[in-house]
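**Q** Input file: protein.pdb. Contents: PDB, C-alpha atoms, pLDDT in the B column.
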```pdb
ATOM      1  CA  MET G   1      -0.837 -19.623 -19.404  1.00 82.00           C
ATOM      2  CA  ARG G   2      -3.528 -18.131 -21.548  1.00 84.00           C
ATOM      3  CA  HIS G   3      -2.395 -14.722 -22.708  1.00 88.00           C
ATOM      4  CA  SER G   4      -4.403 -12.225 -24.726  1.00 88.00           C
ATOM      5  CA  MET G   5      -7.217 -12.076 -22.264  1.00 88.00           C
ATOM      6  CA  ASP G   6      -9.292  -9.199 -23.482  1.00 91.00           C
ATOM      7  CA  HIS G   7     -11.321  -8.426 -20.389  1.00 92.00           C
ATOM      8  CA  ARG G   8     -12.614  -9.896 -17.171  1.00 93.00           C
ATOM      9  CA  LYS G   9     -15.870 -11.744 -17.416  1.00 93.00           C
ATOM     10  CA  LEU G  10     -16.865 -10.861 -13.876  1.00 95.00           C
ATOM     11  CA  GLY G  11     -18.779 -14.125 -13.570  1.00 94.00           C
ATOM     12  CA  ARG G  12     -21.554 -12.935 -15.843  1.00 96.00           C
ATOM     13  CA  ASN G  13     -22.836 -13.675 -19.294  1.00 96.00           C
ATOM     14  CA  PRO G  14     -22.276 -10.982 -21.948  1.00 95.00           C
ATOM     15  CA  SER G  15     -25.617  -9.256 -21.627  1.00 96.00           C
ATOM     16  CA  HIS G  16     -25.475  -9.236 -17.852  1.00 97.00           C
ATOM     17  CA  ARG G  17     -21.939  -7.885 -17.927  1.00 96.00           C
ATOM     18  CA  LYS G  18     -22.870  -5.157 -20.386  1.00 96.00           C
ATOM     19  CA  ALA G  19     -25.786  -4.117 -18.231  1.00 96.00           C
ATOM     20  CA  LEU G  20     -23.664  -4.108 -15.086  1.00 97.00           C
ATOM     21  CA  LEU G  21     -20.956  -1.976 -16.648  1.00 96.00           C
ATOM     22  CA  ARG G  22     -23.532   0.370 -18.102  1.00 96.00           C
ATOM     23  CA  ASN G  23     -25.124   0.869 -14.711  1.00 96.00           C
ATOM     24  CA  MET G  24     -21.756   1.451 -13.139  1.00 96.00           C
ATOM     25  CA  MET G  25     -20.741   3.937 -15.856  1.00 96.00           C
ATOM     26  CA  ASN G  26     -23.875   5.936 -15.235  1.00 96.00           C
ATOM     27  CA  SER G  27     -23.323   5.904 -11.505  1.00 96.00           C
ATOM     28  CA  LEU G  28     -19.729   6.959 -11.936  1.00 96.00           C
ATOM     29  CA  VAL G  29     -20.549   9.851 -14.249  1.00 95.00           C
ATOM     30  CA  LEU G  30     -23.319  11.021 -11.956  1.00 94.00           C
ATOM     31  CA  SER G  31     -21.540  10.797  -8.614  1.00 93.00           C
ATOM     32  CA  GLU G  32     -17.936  10.882  -9.935  1.00 93.00           C
ATOM     33  CA  ARG G  33     -16.879   8.417  -7.272  1.00 93.00           C
ATOM     34  CA  ILE G  34     -18.097   4.899  -6.640  1.00 94.00           C
ATOM     35  CA  GLU G  35     -16.962   2.074  -4.441  1.00 93.00           C
ATOM     36  CA  THR G  36     -16.901  -1.405  -5.953  1.00 95.00           C
ATOM     37  CA  THR G  37     -14.708  -4.457  -5.985  1.00 96.00           C
ATOM     38  CA  VAL G  38     -11.227  -4.065  -7.378  1.00 96.00           C
ATOM     39  CA  PRO G  39     -11.809  -6.187 -10.518  1.00 96.00           C
ATOM     40  CA  LYS G  40     -14.980  -4.279 -11.368  1.00 96.00           C
ATOM     41  CA  ALA G  41     -13.232  -0.978 -10.827  1.00 96.00           C
ATOM     42  CA  LYS G  42     -10.377  -1.987 -13.091  1.00 95.00           C
ATOM     43  CA  GLU G  43     -12.792  -3.163 -15.734  1.00 95.00           C
ATOM     44  CA  LEU G  44     -14.846  -0.001 -15.499  1.00 96.00           C
ATOM     45  CA  ARG G  45     -11.794   2.247 -15.665  1.00 95.00           C
ATOM     46  CA  ARG G  46     -11.227   1.739 -19.368  1.00 94.00           C
ATOM     47  CA  LEU G  47     -14.853   2.521 -20.154  1.00 95.00           C
ATOM     48  CA  ALA G  48     -14.779   5.572 -17.931  1.00 95.00           C
ATOM     49  CA  ASP G  49     -11.714   6.866 -19.740  1.00 95.00           C
ATOM     50  CA  ARG G  50     -13.267   6.125 -23.101  1.00 95.00           C
ATOM     51  CA  LEU G  51     -16.324   8.145 -22.138  1.00 95.00           C
ATOM     52  CA  VAL G  52     -14.180  11.163 -21.334  1.00 95.00           C
ATOM     53  CA  THR G  53     -12.310  10.778 -24.608  1.00 95.00           C
ATOM     54  CA  LEU G  54     -15.621  10.827 -26.437  1.00 95.00           C
ATOM     55  CA  GLY G  55     -16.721  13.791 -24.381  1.00 95.00           C
ATOM     56  CA  LYS G  56     -13.618  15.751 -25.255  1.00 94.00           C
ATOM     57  CA  ARG G  57     -14.149  15.057 -28.927  1.00 94.00           C
ATOM     58  CA  GLY G  58     -17.474  16.786 -28.556  1.00 93.00           C
ATOM     59  CA  THR G  59     -18.884  16.011 -31.987  1.00 95.00           C
ATOM     60  CA  LEU G  60     -22.374  14.775 -32.637  1.00 96.00           C
ATOM     61  CA  HIS G  61     -20.972  11.407 -33.621  1.00 96.00           C
ATOM     62  CA  ALA G  62     -19.022  11.173 -30.371  1.00 96.00           C
ATOM     63  CA  ARG G  63     -22.130  12.112 -28.500  1.00 96.00           C
ATOM     64  CA  ARG G  64     -24.103   9.338 -30.140  1.00 96.00           C
ATOM     65  CA  ARG G  65     -21.379   6.822 -29.351  1.00 96.00           C
ATOM     66  CA  ALA G  66     -21.315   7.928 -25.731  1.00 96.00           C
ATOM     67  CA  PHE G  67     -25.076   7.646 -25.586  1.00 96.00           C
ATOM     68  CA  ALA G  68     -24.803   4.149 -27.035  1.00 96.00           C
ATOM     69  CA  LEU G  69     -22.621   3.220 -24.059  1.00 95.00           C
ATOM     70  CA  LEU G  70     -24.571   5.038 -21.388  1.00 95.00           C
ATOM     71  CA  SER G  71     -28.094   4.977 -22.859  1.00 94.00           C
ATOM     72  CA  ASP G  72     -28.992   7.758 -20.496  1.00 94.00           C
ATOM     73  CA  LYS G  73     -29.545  11.303 -21.638  1.00 94.00           C
ATOM     74  CA  GLU G  74     -28.821  12.980 -18.330  1.00 95.00           C
ATOM     75  CA  THR G  75     -25.422  11.384 -17.824  1.00 95.00           C
ATOM     76  CA  THR G  76     -24.486  11.920 -21.463  1.00 95.00           C
ATOM     77  CA  ASP G  77     -25.259  15.600 -21.078  1.00 95.00           C
ATOM     78  CA  LYS G  78     -23.185  15.808 -17.928  1.00 94.00           C
ATOM     79  CA  LEU G  79     -20.309  14.029 -19.580  1.00 95.00           C
ATOM     80  CA  PHE G  80     -20.149  16.502 -22.428  1.00 95.00           C
ATOM     81  CA  ALA G  81     -20.959  19.565 -20.356  1.00 93.00           C
ATOM     82  CA  THR G  82     -18.774  19.252 -17.274  1.00 92.00           C
ATOM     83  CA  LEU G  83     -16.476  16.231 -17.367  1.00 93.00           C
ATOM     84  CA  ALA G  84     -15.105  16.865 -20.858  1.00 92.00           C
ATOM     85  CA  GLY G  85     -14.072  20.398 -19.962  1.00 92.00           C
ATOM     86  CA  ARG G  86     -12.380  19.330 -16.780  1.00 93.00           C
ATOM     87  CA  PHE G  87      -9.867  17.094 -18.537  1.00 93.00           C
ATOM     88  CA  VAL G  88      -8.865  19.347 -21.410  1.00 91.00           C
ATOM     89  CA  GLY G  89      -5.220  19.422 -20.372  1.00 89.00           C
ATOM     90  CA  ARG G  90      -4.961  15.721 -19.618  1.00 91.00           C
ATOM     91  CA  GLU G  91      -4.494  12.914 -22.080  1.00 91.00           C
ATOM     92  CA  GLY G  92      -5.849   9.731 -20.615  1.00 90.00           C
ATOM     93  CA  GLY G  93      -5.811   8.569 -17.032  1.00 92.00           C
ATOM     94  CA  TYR G  94      -8.852  10.487 -15.970  1.00 94.00           C
ATOM     95  CA  THR G  95      -9.666   8.126 -13.146  1.00 94.00           C
ATOM     96  CA  ARG G  96      -8.103   6.924  -9.950  1.00 93.00           C
ATOM     97  CA  ILE G  97      -8.496   3.632  -8.144  1.00 93.00           C
ATOM     98  CA  VAL G  98      -7.691   3.443  -4.459  1.00 93.00           C
ATOM     99  CA  ARG G  99      -8.071   0.258  -2.484  1.00 93.00           C
ATOM    100  CA  THR G 100     -10.110   0.627   0.658  1.00 92.00           C
ATOM    101  CA  GLY G 101     -10.263  -2.771   2.354  1.00 91.00           C
ATOM    102  CA  TYR G 102     -12.337  -5.909   2.402  1.00 94.00           C
ATOM    103  CA  ARG G 103     -16.097  -6.248   2.293  1.00 95.00           C
ATOM    104  CA  VAL G 104     -17.583  -7.847   5.365  1.00 94.00           C
ATOM    105  CA  GLY G 105     -20.019 -10.219   3.682  1.00 95.00           C
ATOM    106  CA  ASP G 106     -17.805 -12.016   1.212  1.00 95.00           C
ATOM    107  CA  GLY G 107     -14.296 -10.698   1.860  1.00 95.00           C
ATOM    108  CA  ALA G 108     -14.049  -9.096  -1.587  1.00 95.00           C
ATOM    109  CA  GLU G 109     -11.427  -6.398  -1.855  1.00 95.00           C
ATOM    110  CA  LEU G 110     -13.036  -3.032  -2.404  1.00 94.00           C
ATOM    111  CA  ALA G 111     -11.748   0.068  -4.134  1.00 94.00           C
ATOM    112  CA  ILE G 112     -12.917   3.571  -4.838  1.00 93.00           C
ATOM    113  CA  LEU G 113     -12.999   4.517  -8.497  1.00 94.00           C
ATOM    114  CA  GLU G 114     -13.283   8.221  -9.109  1.00 93.00           C
ATOM    115  CA  TYR G 115     -12.804  10.862 -11.740  1.00 93.00           C
ATOM    116  CA  LEU G 116      -9.935  13.117 -10.795  1.00 91.00           C
ATOM    117  CA  PRO G 117     -11.060  16.429  -9.369  1.00 88.00           C
ATOM    118  CA  ALA G 118     -10.549  19.544 -11.445  1.00 80.00           C
ATOM    119  CA  GLU G 119      -7.862  21.266  -9.389  1.00 66.00           C
ATOM    120  CA  GLU G 120      -5.906  18.045  -8.976  1.00 48.00           C
ATOM    121  CA  LYS G 121      -3.673  18.615 -11.972  1.00 47.00           C
ATOM    122  CA  LYS G 122      -2.130  21.936 -10.969  1.00 52.00           C
ATOM    123  CA  ALA G 123      -1.822  20.878  -7.348  1.00 51.00           C
ATOM    124  CA  ALA G 124      -0.117  17.643  -8.305  1.00 51.00           C
ATOM    125  CA  ALA G 125       2.378  19.309 -10.623  1.00 53.00           C
ATOM    126  CA  LYS G 126       3.454  21.945  -8.139  1.00 49.00           C
ATOM    127  CA  GLY G 127       2.680  20.242  -4.861  1.00 47.00           C
ATOM    128  CA  LYS G 128       4.312  16.849  -5.250  1.00 46.00           C
ATOM    129  CA  ARG G 129       7.788  17.857  -4.175  1.00 46.00           C
ATOM    130  CA  LYS G 130       6.579  20.352  -1.630  1.00 44.00           C
ATOM    131  CA  ALA G 131       4.162  17.801  -0.249  1.00 43.00           C
ATOM    132  CA  PRO G 132       5.987  17.106   3.038  1.00 45.00           C
ATOM    133  CA  VAL G 133       5.859  20.768   3.991  1.00 42.00           C
ATOM    134  CA  LYS G 134       2.201  21.068   3.126  1.00 42.00           C
ATOM    135  CA  LYS G 135       1.366  17.910   5.019  1.00 43.00           C
ATOM    136  CA  GLY G 136       2.543  19.377   8.286  1.00 42.00           C
ATOM    137  CA  ALA G 137       0.720  22.611   7.639  1.00 43.00           C
ATOM    138  CA  GLU G 138      -2.595  21.036   6.757  1.00 44.00           C
ATOM    139  CA  LYS G 139      -2.692  18.370   9.404  1.00 43.00           C
ATOM    140  CA  PRO G 140      -4.221  20.535  12.116  1.00 45.00           C
ATOM    141  CA  ALA G 141      -6.954  21.535   9.701  1.00 43.00           C
ATOM    142  CA  ALA G 142      -7.816  17.920   8.992  1.00 43.00           C
ATOM    143  CA  GLY G 143      -9.125  17.288  12.504  1.00 42.00           C
ATOM    144  CA  LYS G 144      -8.302  17.960  16.120  1.00 44.00           C
ATOM    145  CA  LYS G 145      -7.645  14.362  16.990  1.00 44.00           C
ATOM    146  CA  SER G 146      -5.386  13.751  14.053  1.00 43.00           C
ATOM    147  CA  ALA G 147      -3.552  16.993  14.746  1.00 42.00           C
ATOM    148  CA  VAL G 148      -2.043  15.711  17.957  1.00 43.00           C
ATOM    149  CA  PRO G 149      -0.102  12.795  16.488  1.00 46.00           C
ATOM    150  CA  GLY G 150       0.758  15.018  13.531  1.00 43.00           C
ATOM    151  CA  GLU G 151       2.473  17.544  15.780  1.00 44.00           C
ATOM    152  CA  LYS G 152       4.314  14.869  17.644  1.00 42.00           C
ATOM    153  CA  LYS G 153       5.514  13.499  14.381  1.00 43.00           C
ATOM    154  CA  LYS G 154       7.071  16.771  13.328  1.00 44.00           C
ATOM    155  CA  THR G 155       9.436  16.845  16.246  1.00 44.00           C
ATOM    156  CA  LYS G 156      10.035  13.201  16.870  1.00 43.00           C
ATOM    157  CA  ALA G 157       9.677  11.840  13.370  1.00 45.00           C
ATOM    158  CA  PRO G 158      13.112  10.245  13.014  1.00 47.00           C
ATOM    159  CA  THR G 159      13.248   8.816  16.512  1.00 46.00           C
ATOM    160  CA  SER G 160       9.747   7.409  16.425  1.00 45.00           C
ATOM    161  CA  ARG G 161      10.457   5.697  13.147  1.00 46.00           C
ATOM    162  CA  GLU G 162      13.518   4.101  14.610  1.00 46.00           C
ATOM    163  CA  LYS G 163      11.527   2.933  17.566  1.00 46.00           C
ATOM    164  CA  GLU G 164       8.933   1.441  15.306  1.00 46.00           C
ATOM    165  CA  THR G 165      11.446  -0.526  13.368  1.00 46.00           C
ATOM    166  CA  GLU G 166      13.001  -1.716  16.589  1.00 46.00           C
ATOM    167  CA  ARG G 167       9.651  -2.761  17.891  1.00 47.00           C
ATOM    168  CA  LYS G 168       8.758  -4.525  14.717  1.00 45.00           C
ATOM    169  CA  ALA G 169      11.774  -6.756  14.742  1.00 46.00           C
ATOM    170  CA  PRO G 170      11.117  -8.488  18.061  1.00 46.00           C
ATOM    171  CA  ARG G 171       7.384  -8.493  17.525  1.00 47.00           C
ATOM    172  CA  SER G 172       7.231 -10.588  14.456  1.00 46.00           C
ATOM    173  CA  PRO G 173       9.158 -13.550  15.887  1.00 46.00           C
ATOM    174  CA  ARG G 174       6.970 -13.417  18.969  1.00 47.00           C
ATOM    175  CA  LYS G 175       3.876 -13.678  16.840  1.00 44.00           C
ATOM    176  CA  LYS G 176       5.299 -16.609  14.991  1.00 45.00           C
ATOM    177  CA  VAL G 177       6.032 -18.417  18.228  1.00 44.00           C
ATOM    178  CA  GLY G 178       2.515 -17.713  19.421  1.00 44.00           C
ATOM    179  CA  GLU G 179       0.992 -19.113  16.276  1.00 46.00           C
ATOM    180  CA  LYS G 180       2.978 -22.272  16.467  1.00 46.00           C
ATOM    181  CA  SER G 181       1.942 -22.916  20.038  1.00 46.00           C
ATOM    182  CA  LYS G 182      -1.710 -22.477  19.136  1.00 40.00           C
TER     183      LYS G 182
ATOM    184  CA  MET U   1      -2.430 -51.397 -11.356  1.00 91.00           C
ATOM    185  CA  PRO U   2       0.875 -50.411  -9.734  1.00 94.00           C
ATOM    186  CA  ASN U   3       0.648 -49.563  -6.086  1.00 94.00           C
ATOM    187  CA  PRO U   4       2.949 -48.127  -3.449  1.00 94.00           C
ATOM    188  CA  LYS U   5       5.065 -50.817  -1.888  1.00 94.00           C
ATOM    189  CA  ARG U   6       5.166 -49.260   1.557  1.00 94.00           C
ATOM    190  CA  ARG U   7       2.994 -47.039   3.598  1.00 95.00           C
ATOM    191  CA  GLY U   8       4.727 -43.629   3.997  1.00 94.00           C
ATOM    192  CA  SER U   9       6.140 -42.867   7.417  1.00 96.00           C
ATOM    193  CA  LYS U  10       4.866 -40.030   9.603  1.00 96.00           C
ATOM    194  CA  CYS U  11       8.289 -38.522   9.391  1.00 96.00           C
ATOM    195  CA  ARG U  12       8.205 -38.260   5.608  1.00 96.00           C
ATOM    196  CA  ARG U  13       4.648 -37.009   5.634  1.00 96.00           C
ATOM    197  CA  ASP U  14       5.485 -34.278   8.137  1.00 96.00           C
ATOM    198  CA  LYS U  15       8.649 -33.306   6.325  1.00 96.00           C
ATOM    199  CA  ARG U  16       6.620 -32.924   3.150  1.00 96.00           C
ATOM    200  CA  ARG U  17       4.363 -30.520   4.988  1.00 96.00           C
ATOM    201  CA  THR U  18       7.077 -28.242   6.309  1.00 96.00           C
ATOM    202  CA  HIS U  19       6.622 -26.022   3.268  1.00 95.00           C
ATOM    203  CA  LYS U  20       2.906 -25.702   3.862  1.00 95.00           C
ATOM    204  CA  LYS U  21       2.730 -22.736   6.188  1.00 95.00           C
ATOM    205  CA  LEU U  22       1.103 -19.374   6.588  1.00 95.00           C
ATOM    206  CA  SER U  23       3.026 -16.229   5.837  1.00 94.00           C
ATOM    207  CA  GLN U  24       2.865 -12.930   7.647  1.00 93.00           C
ATOM    208  CA  PRO U  25       0.673 -10.378   5.878  1.00 93.00           C
ATOM    209  CA  ALA U  26       2.480  -7.389   4.422  1.00 93.00           C
ATOM    210  CA  VAL U  27       2.257  -4.459   6.787  1.00 93.00           C
ATOM    211  CA  SER U  28       3.225  -0.821   6.605  1.00 92.00           C
ATOM    212  CA  THR U  29       2.670   2.191   8.813  1.00 92.00           C
ATOM    213  CA  CYS U  30       0.364   5.053   7.938  1.00 89.00           C
ATOM    214  CA  PRO U  31       2.375   8.255   7.449  1.00 87.00           C
ATOM    215  CA  GLN U  32      -0.502  10.287   8.902  1.00 84.00           C
ATOM    216  CA  CYS U  33      -1.548   8.500  12.046  1.00 86.00           C
ATOM    217  CA  LYS U  34       1.325   6.025  12.279  1.00 88.00           C
ATOM    218  CA  SER U  35      -1.027   3.121  12.800  1.00 90.00           C
ATOM    219  CA  VAL U  36      -0.360  -0.240  11.215  1.00 91.00           C
ATOM    220  CA  LYS U  37      -2.015  -0.668   7.847  1.00 91.00           C
ATOM    221  CA  ARG U  38      -1.776  -2.706   4.701  1.00 92.00           C
ATOM    222  CA  PRO U  39       0.429  -1.222   1.984  1.00 93.00           C
ATOM    223  CA  HIS U  40      -1.208   0.419  -1.042  1.00 92.00           C
ATOM    224  CA  VAL U  41      -4.517   0.660   0.786  1.00 92.00           C
ATOM    225  CA  VAL U  42      -6.341   3.556   2.387  1.00 91.00           C
ATOM    226  CA  CYS U  43      -5.545   3.717   6.083  1.00 89.00           C
ATOM    227  CA  PRO U  44      -8.563   2.275   7.888  1.00 87.00           C
ATOM    228  CA  THR U  45      -8.040   4.413  10.982  1.00 86.00           C
ATOM    229  CA  CYS U  46      -7.572   7.904   9.543  1.00 86.00           C
ATOM    230  CA  GLY U  47      -8.923   7.401   6.025  1.00 86.00           C
ATOM    231  CA  THR U  48      -5.981   8.909   4.190  1.00 88.00           C
ATOM    232  CA  TYR U  49      -3.817   7.598   1.430  1.00 88.00           C
ATOM    233  CA  LYS U  50      -0.716   9.107  -0.147  1.00 85.00           C
ATOM    234  CA  GLY U  51      -0.499  12.275   1.866  1.00 76.00           C
ATOM    235  CA  ARG U  52      -3.742  13.943   2.745  1.00 70.00           C
ATOM    236  CA  GLU U  53      -6.038  12.479   0.182  1.00 73.00           C
ATOM    237  CA  VAL U  54      -8.940  11.821   2.527  1.00 72.00           C
ATOM    238  CA  ILE U  55     -10.966   9.020   1.026  1.00 68.00           C
ATOM    239  CA  GLU U  56     -13.229   8.158   3.898  1.00 63.00           C
ATOM    240  CA  LYS U  57     -14.196  10.661   6.515  1.00 62.00           C
ATOM    241  CA  THR U  58     -14.088   8.278   9.413  1.00 53.00           C
ATOM    242  CA  GLU U  59     -14.856  10.122  12.602  1.00 55.00           C
ATOM    243  CA  ALA U  60     -13.312   8.151  15.413  1.00 47.00           C
TER     244      ALA U  60
END
```
For this file, write the structure as structure tokens.
**A**
Amino acid sequence: MRHSMDHRKLGRNPSHRKALLRNMMNSLVLSERIETTVPKAKELRRLADRLVTLGKRGTLHARRRAFALLSDKETTDKLFATLAGRFVGREGGYTRIVRTGYRVGDGAELAILEYLPAEEKKAAAKGKRKAPVKKGAEKPAAGKKSAVPGEKKKTKAPTSREKETERKAPRSPRKKVGEKSK
Amino acid sequence: MPNPKRRGSKCRRDKRRTHKKLSQPAVSTCPQCKSVKRPHVVCPTCGTYKGREVIEKTEA
């Protein structure tokens, strides 16, 4: 096993990879949320965090180093103007990666890479343990169709879960039998 | 060049292959819409993940 792998090569030569990551950095800073493959997102995450670190430093030198990465004046300005201020109280981990499914064309696993929103920090600190209560309260607001199962869940949550587990158990052997017969 | 002395039997060949099988994909239920989904992935039906973090606004 080859340890000490520094980074993914993403199937590209160094210049191509640099250009790809630069494009993706610019897109991420501009739109704050991009959808790519999981390996690309994980590779881009470190650069995205480094950009914010430079932005928070705020010096002219940091600005020049950020510009060297981005080579785009507009995104550099945005980084130092808005993104740096948003993450003042946070040390690292400015991004989030959430898997979203598989791409149709080539079956690559996709993920959304995004900068955390500004209000996320306070909400996460206070809201994490109260989350179940808030969930029930906010479900109707999310959408009419989703509200109906949400309301059912409040009352029947324990029983429905039991039913699901009961259903699961017989189902999986049935599937296996079906597969074998095919 | 050394060679096998005997042709392998079907029985041995098939027994060798008993370990070559497909496994069930990992499955979990979405806490929001209770539909079946893959774990650690945004729910494809309601677009939520970890509570009410709506990633995709899929209008069904």
**Q** Starting from the point (-12.6, 3.8, -18.9), work out which residues of protein, DNA or RNA have an atom no more than 12 Å away when counting all atoms listed in the file; state them as number ranges by chain.
**A** G: 21-22, 24-25, 28-29, 40-54, 66, 69, 92-97, 113-115
**Q** Which one is closest to Tyr49 in chain U: G:Met1, G:Ile112, G:Pro39, G:Pro117? Count only C-alpha atoms.
**A**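 Between G:Met1, G:Ile112, G:Pro39, G:Pro117, the residue approaching Tyr49 in chain U most closely is G:Ile112.
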**Q** Taking all atoms listed in the file into account and nothing else, which residues of chain U lie no more than 10 Å away from chain G? Please answer as a compact mmCIF listing (two decimals) with C-alpha atoms, keeping the file's coordinate frame.
**A**
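As a result, part25.txt now contains:
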```
# COMPACT_ATOMS: atom_id res chain seq x y z
CA LEU U 22 1.10 -19.37 6.59
CA SER U 23 3.03 -16.23 5.84
CA GLN U 24 2.86 -12.93 7.65
CA THR U 29 2.67 2.19 8.81
CA PRO U 31 2.38 8.26 7.45
CA GLN U 32 -0.50 10.29 8.90
CA CYS U 33 -1.55 8.50 12.05
CA LYS U 34 1.32 6.02 12.28
CA ARG U 38 -1.78 -2.71 4.70
CA PRO U 39 0.43 -1.22 1.98
CA HIS U 40 -1.21 0.42 -1.04
CA VAL U 41 -4.52 0.66 0.79
CA VAL U 42 -6.34 3.56 2.39
CA CYS U 43 -5.54 3.72 6.08
CA PRO U 44 -8.56 2.28 7.89
CA CYS U 46 -7.57 7.90 9.54
CA GLY U 47 -8.92 7.40 6.02
CA THR U 48 -5.98 8.91 4.19
CA TYR U 49 -3.82 7.60 1.43
CA LYS U 50 -0.72 9.11 -0.15
CA GLY U 51 -0.50 12.28 1.87
CA ARG U 52 -3.74 13.94 2.74
CA VAL U 54 -8.94 11.82 2.53
CA ILE U 55 -10.97 9.02 1.03
CA GLU U 56 -13.23 8.16 3.90
CA LYS U 57 -14.20 10.66 6.52
CA GLU U 59 -14.86 10.12 12.60
CA ALA U 60 -13.31 8.15 15.41
```
**Q** Find the distance between CA of Gly105 in chain G and CA of His16 in chain G and write it in Å to one decimal.
**A**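 Computed distance, CA of Gly105 in chain G to CA of His16 in chain G, equals 22.2 Å.
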**Q** Have range 7-19 of chain U completed to N, CA, C and O atoms, please, and pass it along as a compact mmCIF listing (two decimals), keeping the file's coordinate frame.
**A**
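Saved to out08.txt:
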```txt
# COMPACT_ATOMS: atom_id res chain seq x y z
N ARG U 7 3.69 -48.19 3.03
CA ARG U 7 2.99 -47.04 3.60
C ARG U 7 4.04 -46.00 3.99
O ARG U 7 5.08 -46.34 4.58
N GLY U 8 3.76 -44.68 3.67
CA GLY U 8 4.73 -43.63 4.00
C GLY U 8 4.81 -43.42 5.49
O GLY U 8 3.81 -43.56 6.22
N SER U 9 5.99 -43.07 5.98
CA SER U 9 6.14 -42.87 7.42
C SER U 9 5.62 -41.48 7.81
O SER U 9 5.54 -40.58 6.98
N LYS U 10 5.30 -41.34 9.09
CA LYS U 10 4.87 -40.03 9.60
C LYS U 10 5.95 -39.00 9.39
O LYS U 10 5.68 -37.83 9.12
N CYS U 11 7.17 -39.45 9.53
CA CYS U 11 8.29 -38.52 9.39
C CYS U 11 8.31 -37.92 7.99
O CYS U 11 8.38 -36.70 7.82
N ARG U 12 8.17 -38.77 6.98
CA ARG U 12 8.20 -38.26 5.61
C ARG U 12 6.99 -37.37 5.33
O ARG U 12 7.09 -36.34 4.68
N ARG U 13 5.87 -37.80 5.82
CA ARG U 13 4.65 -37.01 5.63
C ARG U 13 4.83 -35.61 6.25
O ARG U 13 4.53 -34.60 5.63
N ASP U 14 5.33 -35.56 7.46
CA ASP U 14 5.48 -34.28 8.14
C ASP U 14 6.55 -33.43 7.47
O ASP U 14 6.40 -32.21 7.37
N LYS U 15 7.61 -34.07 7.00
CA LYS U 15 8.65 -33.31 6.32
C LYS U 15 8.10 -32.69 5.04
O LYS U 15 8.44 -31.57 4.68
N ARG U 16 7.23 -33.44 4.37
CA ARG U 16 6.62 -32.92 3.15
C ARG U 16 5.82 -31.65 3.46
O ARG U 16 5.72 -30.74 2.67
N ARG U 17 5.27 -31.63 4.65
CA ARG U 17 4.36 -30.52 4.99
C ARG U 17 5.09 -29.32 5.58
O ARG U 17 4.43 -28.34 5.95
N THR U 18 6.39 -29.39 5.71
CA THR U 18 7.08 -28.24 6.31
C THR U 18 6.95 -27.00 5.44
O THR U 18 7.04 -25.89 5.93
N HIS U 19 6.73 -27.20 4.16
CA HIS U 19 6.62 -26.02 3.27
C HIS U 19 5.20 -25.46 3.23
O HIS U 19 4.96 -24.42 2.64
```
